[in-house]
$ cat entry.cif   # mmCIF, C-alpha atoms
data_coords
loop_
_atom_site.label_atom_id
_atom_site.label_comp_id
_atom_site.auth_asym_id
_atom_site.auth_seq_id
_atom_site.Cartn_x
_atom_site.Cartn_y
_atom_site.Cartn_z
CA ALA A 1 -10.97 46.51 -0.94
CA TYR A 2 -12.59 47.79 2.27
CA VAL A 3 -11.59 51.41 2.87
CA VAL A 4 -12.63 52.79 -0.52
CA PRO A 5 -16.13 51.20 -0.64
CA ALA A 6 -16.72 52.17 2.99
CA LEU A 7 -15.83 55.80 2.29
CA ARG A 8 -18.13 55.82 -0.73
CA ALA A 9 -20.94 54.36 1.37
CA GLY A 10 -20.55 57.18 3.90
CA CYS A 11 -19.36 54.90 6.69
CA ARG A 12 -17.11 56.06 9.47
CA VAL A 13 -13.77 54.40 8.65
CA VAL A 14 -11.02 53.45 11.09
CA THR A 15 -8.06 51.50 9.73
CA GLU A 16 -4.96 50.03 11.30
CA LYS A 17 -1.47 51.06 10.33
CA PRO A 18 -0.22 50.92 7.69
CA MET A 19 -3.14 52.60 5.98
CA THR A 20 -2.34 50.41 2.97
CA THR A 21 0.76 48.76 1.52
CA ASP A 22 1.60 50.38 -1.81
CA ALA A 23 1.49 53.72 -3.61
CA ALA A 24 -1.36 52.85 -6.00
CA LYS A 25 -3.70 51.88 -3.17
CA CYS A 26 -2.68 54.96 -1.19
CA ARG A 27 -3.54 57.19 -4.14
CA ARG A 28 -6.94 55.48 -4.51
CA ILE A 29 -7.77 56.15 -0.86
CA LEU A 30 -6.72 59.81 -1.08
CA GLU A 31 -8.67 60.29 -4.32
CA THR A 32 -11.76 58.73 -2.73
CA VAL A 33 -11.49 61.09 0.25
CA GLN A 34 -11.40 64.03 -2.18
CA GLU A 35 -14.31 62.68 -4.22
CA THR A 36 -16.58 61.92 -1.28
CA GLY A 37 -15.52 64.48 1.31
CA ASN A 38 -15.44 61.63 3.84
CA HIS A 39 -12.39 61.04 6.01
CA LEU A 40 -10.84 58.15 7.88
CA ALA A 41 -8.80 57.67 11.04
CA VAL A 42 -5.58 55.66 11.18
CA ALA A 43 -4.88 53.79 14.42
CA PHE A 44 -1.40 55.06 15.22
CA ASN A 45 -1.52 53.96 18.86
CA TYR A 46 2.02 55.15 19.60
CA ARG A 47 0.77 58.75 19.46
CA PHE A 48 -1.32 57.97 22.53
CA ASN A 49 1.55 56.62 24.61
CA PRO A 50 1.95 59.10 27.52
CA VAL A 51 5.75 59.08 27.14
CA HIS A 52 5.50 60.03 23.47
CA GLU A 53 3.03 62.77 24.34
CA GLU A 54 5.55 64.21 26.79
CA VAL A 55 8.16 64.27 24.01
CA HIS A 56 5.64 66.15 21.86
CA ARG A 57 5.02 68.65 24.66
CA GLN A 58 8.73 69.26 25.15
CA LEU A 59 9.40 69.82 21.46
CA SER A 60 6.29 71.88 20.68
CA GLY A 61 6.97 73.95 23.81
CA GLY A 62 10.41 74.93 22.50
CA ALA A 63 12.49 73.06 25.08
CA ILE A 64 15.33 72.60 22.57
CA GLY A 65 14.41 75.36 20.13
CA GLU A 66 14.19 74.56 16.43
CA VAL A 67 14.79 70.85 15.80
CA LEU A 68 17.59 70.45 13.26
CA SER A 69 18.18 66.70 13.30
CA VAL A 70 16.88 63.42 14.72
CA HIS A 71 18.57 60.09 15.30
CA PHE A 72 16.10 57.22 15.73
CA GLU A 73 17.12 53.63 16.45
CA TRP A 74 14.48 50.92 16.86
CA LEU A 75 15.44 47.41 17.96
CA LEU A 76 13.23 44.34 17.69
CA ASP A 77 14.55 41.38 19.66
CA THR A 78 14.82 37.83 18.36
CA ARG A 79 11.40 37.02 19.80
CA HIS A 80 9.38 39.90 18.36
CA GLY A 81 11.50 40.54 15.28
CA ALA A 82 11.53 36.88 14.28
CA ASP A 83 7.74 36.80 14.27
CA TYR A 84 7.57 38.90 11.11
CA PHE A 85 9.59 36.21 9.37
CA ARG A 86 7.31 33.31 10.37
CA ARG A 87 4.17 34.70 8.79
CA TRP A 88 2.85 36.49 5.73
CA HIS A 89 4.77 39.67 6.52
CA ARG A 90 7.93 37.98 5.21
CA GLU A 91 6.59 38.38 1.66
CA LYS A 92 7.06 41.99 0.55
CA GLU A 93 4.40 41.80 -2.14
CA HIS A 94 1.83 41.32 0.63
CA SER A 95 3.19 43.39 3.53
CA GLY A 96 5.34 46.06 1.93
CA GLY A 97 8.19 44.97 4.21
CA LEU A 98 9.07 46.27 7.65
CA MET A 99 9.56 49.81 6.31
CA VAL A 100 5.83 49.87 5.62
CA HIS A 101 4.34 47.49 8.15
CA LYS A 102 6.44 48.26 11.25
CA SER A 103 8.26 51.52 10.64
CA SER A 104 5.13 53.43 9.65
CA HIS A 105 4.58 53.75 13.42
CA HIS A 106 7.96 55.39 13.83
CA PHE A 107 7.74 57.61 10.76
CA ASP A 108 4.36 58.89 11.95
CA LEU A 109 5.79 59.71 15.37
CA VAL A 110 8.57 61.81 13.83
CA ASN A 111 6.15 63.59 11.47
CA TRP A 112 3.94 64.36 14.49
CA TRP A 113 6.76 65.29 16.86
CA LEU A 114 8.33 67.69 14.36
CA GLY A 115 5.16 68.92 12.67
CA ALA A 116 6.97 68.09 9.45
CA ARG A 117 6.50 66.28 6.14
CA PRO A 118 9.13 63.97 4.61
CA GLN A 119 10.52 65.16 1.28
CA GLU A 120 13.40 62.86 0.36
CA VAL A 121 14.56 59.42 1.49
CA PHE A 122 17.78 57.50 0.93
CA GLY A 123 18.49 54.10 2.42
CA TYR A 124 20.15 50.73 2.45
CA GLY A 125 18.34 47.55 3.38
CA ARG A 126 19.35 43.92 3.41
CA LEU A 127 18.31 40.47 4.58
CA GLY A 128 21.33 39.67 6.71
CA PHE A 129 20.06 37.58 9.62
CA TYR A 130 16.91 35.67 8.60
CA GLY A 131 16.28 33.61 5.47
CA ARG A 132 17.99 30.43 4.28
CA ALA A 133 21.32 31.89 3.16
CA ALA A 134 21.86 33.91 6.35
CA GLY A 135 20.75 31.00 8.54
CA GLU A 136 23.23 28.68 6.86
CA ARG A 137 26.04 31.23 7.31
CA SER A 138 25.29 31.72 11.00
CA GLY A 139 24.51 28.07 11.75
CA TYR A 140 21.03 28.95 13.11
CA ARG A 141 19.11 27.15 10.38
CA ARG A 142 17.28 23.94 11.26
CA GLU A 143 15.89 21.65 8.56
CA TYR A 144 12.11 22.10 8.72
CA GLU A 145 9.54 24.07 6.76
CA ARG A 146 7.16 24.84 9.61
CA ALA A 147 7.43 24.20 13.35
CA HIS A 148 4.27 22.15 13.93
CA GLY A 149 5.11 18.46 13.97
CA ALA A 150 8.79 19.02 13.17
CA ALA A 151 11.28 17.30 15.48
CA ALA A 152 14.02 19.74 14.41
CA ALA A 153 11.94 22.65 15.74
CA ARG A 154 11.43 21.35 19.28
CA ASP A 155 14.41 23.15 20.82
CA ASP A 156 14.73 25.87 18.19
CA PRO A 157 14.57 29.32 19.90
CA PHE A 158 13.14 30.76 16.68
CA ALA A 159 10.22 28.30 16.43
CA LEU A 160 6.63 29.13 17.37
CA GLU A 161 4.64 26.18 18.72
CA LEU A 162 1.01 26.85 17.86
CA ALA A 163 -0.35 23.75 19.59
CA GLU A 164 0.94 24.88 23.00
CA ASN A 165 -1.37 27.90 23.12
CA ASP A 166 -5.16 27.67 23.03
CA ALA A 167 -5.69 30.93 21.14
CA LEU A 168 -2.96 30.33 18.56
CA ARG A 169 -4.13 26.77 18.04
CA SER A 170 -7.75 27.71 17.45
CA LEU A 171 -7.00 30.79 15.36
CA TYR A 172 -4.36 29.28 13.09
CA LEU A 173 -3.68 25.55 13.46
CA ASP A 174 -7.32 24.44 13.57
CA ALA A 175 -8.17 26.71 10.63
CA GLU A 176 -5.50 25.45 8.23
CA GLY A 177 -7.95 23.11 6.55
CA VAL A 178 -10.02 26.13 5.55
CA ASP A 179 -7.43 28.73 4.57
CA GLY A 180 -4.18 26.77 4.14
CA TYR A 181 -2.27 29.46 6.05
CA HIS A 182 0.86 28.47 8.00
CA ARG A 183 1.64 30.84 10.87
CA ASP A 184 4.76 29.01 12.09
CA ARG A 185 7.16 28.88 9.16
CA ASN A 186 10.92 28.56 9.57
CA VAL A 187 12.42 32.05 9.81
CA PHE A 188 15.51 30.65 8.07
CA GLY A 189 13.51 29.16 5.24
CA ASP A 190 13.03 30.05 1.59
CA GLY A 191 10.73 32.74 0.28
CA VAL A 192 11.70 35.58 2.62
CA THR A 193 11.69 38.75 0.51
CA ILE A 194 11.74 41.48 3.20
CA GLU A 195 14.77 43.06 4.85
CA ASP A 196 15.82 42.66 8.49
CA ASP A 197 18.42 45.46 8.72
CA MET A 198 17.57 48.91 7.34
CA ALA A 199 19.28 52.30 7.50
CA LEU A 200 17.72 55.54 6.24
CA LEU A 201 18.44 59.23 5.84
CA VAL A 202 15.27 61.34 5.61
CA ARG A 203 14.97 65.06 4.83
CA TYR A 204 11.87 67.02 5.93
CA ASP A 205 10.20 70.17 4.65
CA THR A 206 11.36 72.01 7.80
CA GLY A 207 14.98 71.40 6.81
CA ALA A 208 15.46 68.83 9.57
CA THR A 209 17.03 65.48 8.79
CA MET A 210 16.64 62.07 10.41
CA THR A 211 18.97 59.09 10.54
CA TYR A 212 16.92 55.97 11.20
CA HIS A 213 17.88 52.35 11.77
CA LEU A 214 15.63 49.33 12.26
CA THR A 215 17.17 46.08 13.48
CA ALA A 216 14.95 42.98 13.60
CA TYR A 217 17.33 40.55 15.37
CA SER A 218 18.52 42.36 18.49
CA PRO A 219 19.25 40.73 21.89
CA TRP A 220 17.17 43.49 23.54
CA GLU A 221 14.06 45.35 22.47
CA GLY A 222 13.39 49.05 22.62
CA TYR A 223 14.30 52.34 21.02
CA ARG A 224 16.37 55.47 21.32
CA VAL A 225 15.41 58.83 19.82
CA MET A 226 17.67 61.88 20.04
CA PHE A 227 16.61 65.37 18.91
CA ASN A 228 19.21 68.08 18.30
CA GLY A 229 17.95 71.66 18.39
CA THR A 230 19.11 75.25 18.46
CA ARG A 231 18.73 75.36 22.25
CA GLY A 232 19.80 71.88 23.26
CA ARG A 233 19.13 68.17 22.92
CA LEU A 234 16.32 65.84 24.00
CA GLU A 235 17.03 62.11 24.46
CA LEU A 236 14.46 59.36 24.86
CA GLU A 237 15.33 55.74 25.63
CA VAL A 238 12.72 53.04 26.18
CA GLU A 239 13.84 49.54 27.14
CA GLU A 240 10.97 47.18 26.46
CA SER A 241 13.01 44.03 27.04
CA ALA A 242 16.55 43.88 28.39
CA TRP A 243 17.01 40.33 27.07
CA GLN A 244 15.03 37.25 26.13
CA PRO A 245 15.67 33.63 27.16
CA SER A 246 16.08 31.22 24.26
CA LEU A 247 12.82 29.33 24.84
CA LEU A 248 9.82 31.16 26.23
CA GLY A 249 6.17 30.12 26.05
CA THR A 250 3.37 32.40 24.92
CA SER A 251 0.45 32.88 27.28
CA SER A 252 -1.74 34.92 24.92
CA GLY A 253 -2.85 34.62 21.32
CA ARG A 254 -1.18 37.95 20.68
CA GLY A 255 0.68 38.16 23.95
CA THR A 256 4.20 39.41 24.30
CA ILE A 257 4.77 39.01 20.58
CA HIS A 258 2.39 41.83 19.69
CA GLY A 259 2.53 44.24 22.62
CA ASP A 260 -0.56 42.89 24.39
CA GLN A 261 1.48 42.12 27.49
CA ALA A 262 4.76 43.43 28.85
CA LEU A 263 7.78 41.64 27.46
CA ALA A 264 9.81 39.43 29.78
CA ASN A 265 12.64 41.32 31.53
CA ALA A 266 11.06 44.68 30.64
CA GLY A 267 12.91 47.84 31.54
CA GLY A 268 11.52 51.36 31.45
CA PRO A 269 11.61 54.78 29.78
CA ARG A 270 13.98 57.69 30.39
CA LEU A 271 13.73 61.19 28.93
CA VAL A 272 16.67 63.56 29.38
CA LEU A 273 16.74 67.25 28.46
CA ARG A 274 20.19 68.74 27.81
CA PRO A 275 19.86 72.52 27.40
CA LEU A 276 22.79 74.55 26.14
CA TRP A 277 24.95 75.89 29.01
CA GLU A 278 22.93 74.12 31.69
CA PRO A 279 23.24 70.78 33.49
CA PRO A 280 21.15 67.98 31.95
CA ARG A 281 17.97 67.09 33.75
CA GLU A 282 15.68 64.10 33.62
CA VAL A 283 12.09 64.89 32.62
CA GLU A 284 9.51 63.41 34.94
CA LEU A 285 7.41 60.85 33.12
CA PRO A 286 3.96 59.46 33.94
CA ALA A 287 3.64 55.95 35.32
CA PHE A 288 4.61 53.62 32.48
CA ASP A 289 2.95 50.34 31.61
CA HIS A 290 4.54 48.29 28.81
CA ALA A 291 1.28 46.41 28.19
CA GLY A 292 -1.16 47.75 25.63
CA HIS A 293 1.65 49.50 23.73
CA GLY A 294 2.73 51.65 26.64
CA GLY A 295 -0.85 52.42 27.64
CA GLY A 296 -1.59 53.89 24.22
CA ASP A 297 -4.19 51.33 23.13
CA GLU A 298 -6.82 52.14 25.75
CA ARG A 299 -6.40 55.89 25.37
CA MET A 300 -6.57 55.68 21.57
CA LEU A 301 -9.79 53.68 21.75
CA GLU A 302 -11.33 56.34 23.98
CA VAL A 303 -10.50 59.06 21.46
CA LEU A 304 -11.67 57.04 18.44
CA TYR A 305 -14.79 55.48 19.92
CA GLY A 306 -15.47 57.22 23.22
CA PRO A 307 -14.93 55.79 26.71
CA VAL A 308 -16.29 52.38 27.63
CA ASP A 309 -17.59 53.99 30.81
CA PRO A 310 -18.32 57.71 30.20
CA ALA A 311 -18.46 58.32 33.93
CA ALA A 312 -14.87 57.10 34.28
CA ALA A 313 -13.42 58.74 31.16
CA THR A 314 -9.70 59.40 31.52
CA THR A 315 -8.54 60.64 28.15
CA GLN A 316 -9.18 64.37 28.46
CA ALA A 317 -7.98 64.47 32.04
CA ALA A 318 -4.80 62.58 31.25
CA VAL A 319 -3.80 64.45 28.11
CA ASP A 320 -2.90 68.08 27.73
CA ALA A 321 -5.55 69.77 25.58
CA SER A 322 -2.99 71.23 23.17
CA ASP A 323 -1.83 67.70 22.31
CA ALA A 324 -5.22 66.01 22.33
CA SER A 325 -6.41 67.89 19.25
CA HIS A 326 -3.46 66.59 17.24
CA ARG A 327 -3.50 62.94 18.25
CA ARG A 328 -6.16 61.51 15.94
CA ALA A 329 -4.39 60.61 12.70
CA THR A 330 -6.15 61.19 9.37
CA GLU A 331 -5.68 59.73 5.90
CA GLU A 332 -3.06 62.43 5.27
CA ASP A 333 -1.07 61.30 8.31
CA GLY A 334 -1.42 57.70 7.14
CA ALA A 335 -0.07 58.62 3.73
CA LEU A 336 2.80 60.69 5.14
CA ALA A 337 3.94 57.76 7.29
CA LEU A 338 3.52 55.32 4.43
CA VAL A 339 5.38 57.36 1.83
CA THR A 340 8.63 57.33 3.83
CA GLY A 341 8.64 53.52 3.85
CA LEU A 342 7.65 53.26 0.18
CA ALA A 343 10.40 55.68 -0.81
CA ALA A 344 12.85 53.69 1.31
CA ASN A 345 11.92 50.48 -0.51
CA GLN A 346 12.55 52.19 -3.84
CA SER A 347 15.89 53.52 -2.64
CA PHE A 348 16.97 50.04 -1.50
CA VAL A 349 16.59 48.91 -5.11
CA SER A 350 17.90 51.95 -6.99
CA GLY A 351 20.68 52.97 -4.60
CA LYS A 352 19.59 56.59 -5.07
CA PRO A 353 17.64 59.18 -3.06
CA VAL A 354 13.90 59.15 -3.74
CA ALA A 355 11.66 62.20 -3.58
CA THR A 356 8.44 61.39 -1.73
CA ALA A 357 6.48 63.49 -4.23
CA ASP A 358 7.52 61.00 -6.92
CA VAL A 359 5.94 58.18 -4.90
CA VAL A 360 2.68 59.75 -3.66
CA THR A 361 1.65 63.37 -4.18
CA LEU A 362 0.26 64.92 -1.00
#

$ encode --input "entry.cif" --output "structure tokens"
Amino acid sequence: AYVVPALRAGCRVVTEKPMTTDAAKCRRILETVQETGNHLAVAFNYRFNPVHEEVHRQLSGGAIGEVLSVHFEWLLDTRHGADYFRRWHREKEHSGGLMVHKSSHHFDLVNWWLGARPQEVFGYGRLGFYGRAAGERSGYRREYERAHGAAAARDDPFALELAENDALRSLYLDAEGVDGYHRDRNVFGDGVTIEDDMALLVRYDTGATMTYHLTAYSPWEGYRVMFNGTRGRLELEVEESAWQPSLLGTSSGRGTIHGDQALANAGGPRLVLRPLWEPPREVELPAFDHAGHGGGDERMLEVLYGPVDPAAATTQAAVDASDASHRRATEEDGALALVTGLAANQSFVSGKPVATADVVTL
């Protein structure tokens, strides 16, 4: 609705991830790029995280030789993960599910890290923690439709109180009379059509494979990525939150829920190189700030739009030139990240491997 007309009008187009939410829309965007010769940028801010750039440098520099396999585990805690089940993202017809909306970040990172394109995807996905049936099994369900004004939600650790935060109240609660949108629905309610536990096996055109797991109900938040190569192994662990208390207020409209601020009880990153026949060694990492998506937001904005203060520009000085030229994601990168999630969604239904070329031709 916006990208295609903007490309045809000759505008410069920058879109968030995911680039879109289904295969038909993805094909329309790619066809429009071919027709017009105009391109777009996709805001994959995780590429701009200094820690992720160091991983890219290690791999592209041959630290572990040819990468043969990847294991990637991403954990969303019961504060962040639950938020996808309070709002419109819980309806797959609108969001594409977490494989599209959330995991496109992760799939793009692997495509970028490996310099590879996904070819085949097989996966299992289920709604095992959120939703009415799971909530009744676990005993977590409370009897309310939305948190605002519901007595049963007052001490519910899964409830979001919009009225307690100025930004959330003005953006959502005060606007309900205009748009009818409820931002604070019961995560154990009806109408949840996305998965909360997903496991994938992905094969790339380089021959490498990836095992991937996304959990949306973890007690801690963060991720682990392990690369196995012909000359050793590289291991990244980032602890964004060691644990979350059951009831925690929100001080920002986006706040800790969306990576604007550091999560409570935040840990840190660790990158370990394990060469063959040598002792493992920890790779020195730049100073890490959990806020702004690990520092990626500010640096991405500088690349996409230029520095706020040209005299104080930091991007080129902070990033190795060999990486900087590969950090701005195009419509092709957007499609390559999207197609893994779309193929995963198809595999969840069919129980069979899905060739990415059968979903979107790139």

$ residues_near_point --input "entry.cif" --point "(14.1, 26.9, 10.0)" --cutoff "7 Å" --atoms "all atoms listed in the file" --output "list in words"
Arg141, Arg142, Glu143, Tyr144, Glu145, Asn186, Val187, Phe188 and Gly189 of chain A

$ resolve_selection --input "entry.cif" --expression "the PyMOL selection byres ((chain A and resi 71) around 6)" --output "PyMOL selection string"
chain A and resi 70+72+210-211+225-226

$ resolve_selection --input "entry.cif" --expression "the PyMOL selection byres ((chain A and resi 158) around 8)" --output "ChimeraX atom specification"
/A:78-79,82,156-157,159-160,186-187

$ resolve_selection --input "entry.cif" --expression "the PyMOL selection byres ((chain A and resi 89-102) around 6)" --output "VMD selection string"
chain A and resid 18 21 84 to 85 87 to 88 103 to 104 192 to 194 341

$ residues_near_point --input "entry.cif" --point "(-2.8, 22.4, 11.0)" --cutoff "12 Å" --atoms "only C-alpha atoms" --output "PDB file with C-alpha atoms, in the frame of the given file"
ATOM      1  CA  ARG A 146       7.160  24.840   9.610  1.00  0.00           C
ATOM      2  CA  ALA A 147       7.430  24.200  13.350  1.00  0.00           C
ATOM      3  CA  HIS A 148       4.270  22.150  13.930  1.00  0.00           C
ATOM      4  CA  GLY A 149       5.110  18.460  13.970  1.00  0.00           C
ATOM      5  CA  GLU A 161       4.640  26.180  18.720  1.00  0.00           C
ATOM      6  CA  LEU A 162       1.010  26.850  17.860  1.00  0.00           C
ATOM      7  CA  ALA A 163      -0.350  23.750  19.590  1.00  0.00           C
ATOM      8  CA  LEU A 168      -2.960  30.330  18.560  1.00  0.00           C
ATOM      9  CA  ARG A 169      -4.130  26.770  18.040  1.00  0.00           C
ATOM     10  CA  SER A 170      -7.750  27.710  17.450  1.00  0.00           C
ATOM     11  CA  LEU A 171      -7.000  30.790  15.360  1.00  0.00           C
ATOM     12  CA  TYR A 172      -4.360  29.280  13.090  1.00  0.00           C
ATOM     13  CA  LEU A 173      -3.680  25.550  13.460  1.00  0.00           C
ATOM     14  CA  ASP A 174      -7.320  24.440  13.570  1.00  0.00           C
ATOM     15  CA  ALA A 175      -8.170  26.710  10.630  1.00  0.00           C
ATOM     16  CA  GLU A 176      -5.500  25.450   8.230  1.00  0.00           C
ATOM     17  CA  GLY A 177      -7.950  23.110   6.550  1.00  0.00           C
ATOM     18  CA  VAL A 178     -10.020  26.130   5.550  1.00  0.00           C
ATOM     19  CA  ASP A 179      -7.430  28.730   4.570  1.00  0.00           C
ATOM     20  CA  GLY A 180      -4.180  26.770   4.140  1.00  0.00           C
ATOM     21  CA  TYR A 181      -2.270  29.460   6.050  1.00  0.00           C
ATOM     22  CA  HIS A 182       0.860  28.470   8.000  1.00  0.00           C
ATOM     23  CA  ARG A 183       1.640  30.840  10.870  1.00  0.00           C
ATOM     24  CA  ASP A 184       4.760  29.010  12.090  1.00  0.00           C
TER      25      ASP A 184
END

$ atom_distance --input "entry.cif" --atom1 "CA of Gly65 (chain A)" --atom2 "CA of Ala357 (chain A)"
28.2 Å

$ residues_around --input "entry.cif" --residues "region 243-246 of chain A" --least-positions-apart "2" --cutoff "8 Å" --atoms "all atoms listed in the file" --output "JSON, numbers by chain"
{"A": [77, 78, 79, 157, 219, 220, 221, 241, 248, 264, 265]}

$ atom_distance --input "entry.cif" --atom1 "CA of Val3 (chain A)" --atom2 "CA of Ala23 (chain A)"
14.8 Å

$ closest_residue --input "entry.cif" --among "A:Thr209, A:Ser350, A:Ser60, A:Thr15" --to "Trp112 (chain A)" --atoms "only C-alpha atoms"
A:Ser60

$ decode --input "entry.cif" --residues "region 186-212 of chain A" --atoms "N, CA and C atoms" --output "compact mmCIF listing (two decimals), in the first residue's frame"
# COMPACT_ATOMS: atom_id res chain seq x y z
N ASN A 186 -5.74 -10.08 26.73
CA ASN A 186 -5.29 -11.21 27.54
C ASN A 186 -4.47 -12.16 26.67
N VAL A 187 -3.23 -12.41 27.07
CA VAL A 187 -2.37 -13.29 26.27
C VAL A 187 -2.86 -14.73 26.30
N PHE A 188 -3.74 -15.04 27.26
CA PHE A 188 -4.33 -16.38 27.34
C PHE A 188 -5.79 -16.36 26.89
N GLY A 189 -6.08 -15.45 25.98
CA GLY A 189 -7.44 -15.32 25.48
C GLY A 189 -7.65 -16.08 24.18
N ASP A 190 -8.81 -15.87 23.59
CA ASP A 190 -9.15 -16.50 22.31
C ASP A 190 -8.57 -15.69 21.16
N GLY A 191 -8.52 -16.31 20.00
CA GLY A 191 -8.12 -15.60 18.79
C GLY A 191 -6.63 -15.50 18.55
N VAL A 192 -5.81 -16.25 19.30
CA VAL A 192 -4.37 -16.25 19.06
C VAL A 192 -4.07 -17.30 17.99
N THR A 193 -3.55 -16.88 16.86
CA THR A 193 -3.32 -17.81 15.74
C THR A 193 -1.84 -17.94 15.37
N ILE A 194 -0.94 -17.32 16.16
CA ILE A 194 0.49 -17.47 15.90
C ILE A 194 1.08 -18.50 16.86
N GLU A 195 2.29 -18.95 16.55
CA GLU A 195 2.98 -19.92 17.39
C GLU A 195 3.85 -19.21 18.43
N ASP A 196 4.18 -19.93 19.51
CA ASP A 196 5.10 -19.37 20.51
C ASP A 196 6.35 -20.22 20.72
N ASP A 197 6.42 -21.37 20.03
CA ASP A 197 7.58 -22.27 20.13
C ASP A 197 7.83 -22.85 18.75
N MET A 198 8.99 -22.53 18.15
CA MET A 198 9.24 -22.86 16.76
C MET A 198 10.65 -23.40 16.58
N ALA A 199 10.76 -24.50 15.86
CA ALA A 199 12.05 -25.13 15.58
C ALA A 199 12.21 -25.34 14.09
N LEU A 200 13.37 -24.93 13.54
CA LEU A 200 13.59 -25.00 12.10
C LEU A 200 14.91 -25.69 11.78
N LEU A 201 14.96 -26.25 10.57
CA LEU A 201 16.20 -26.68 9.93
C LEU A 201 16.24 -25.99 8.57
N VAL A 202 17.30 -25.23 8.33
CA VAL A 202 17.42 -24.45 7.09
C VAL A 202 18.69 -24.87 6.37
N ARG A 203 18.57 -25.06 5.04
CA ARG A 203 19.73 -25.37 4.20
C ARG A 203 20.00 -24.18 3.28
N TYR A 204 21.29 -23.81 3.14
CA TYR A 204 21.70 -22.65 2.36
C TYR A 204 22.41 -23.07 1.09
N ASP A 205 22.53 -22.10 0.17
CA ASP A 205 23.15 -22.40 -1.12
C ASP A 205 24.65 -22.68 -0.99
N THR A 206 25.26 -22.35 0.14
CA THR A 206 26.66 -22.67 0.37
C THR A 206 26.86 -24.11 0.82
N GLY A 207 25.75 -24.80 1.13
CA GLY A 207 25.83 -26.13 1.70
C GLY A 207 25.69 -26.14 3.20
N ALA A 208 25.83 -24.98 3.83
CA ALA A 208 25.70 -24.89 5.28
C ALA A 208 24.25 -25.14 5.70
N THR A 209 24.08 -25.61 6.92
CA THR A 209 22.75 -25.79 7.49
C THR A 209 22.65 -25.01 8.79
N MET A 210 21.41 -24.67 9.17
CA MET A 210 21.17 -24.00 10.45
C MET A 210 20.04 -24.69 11.18
N THR A 211 20.25 -24.97 12.46
CA THR A 211 19.16 -25.32 13.36
C THR A 211 18.81 -24.06 14.13
N TYR A 212 17.52 -23.75 14.18
CA TYR A 212 17.06 -22.49 14.78
C TYR A 212 15.88 -22.77 15.69
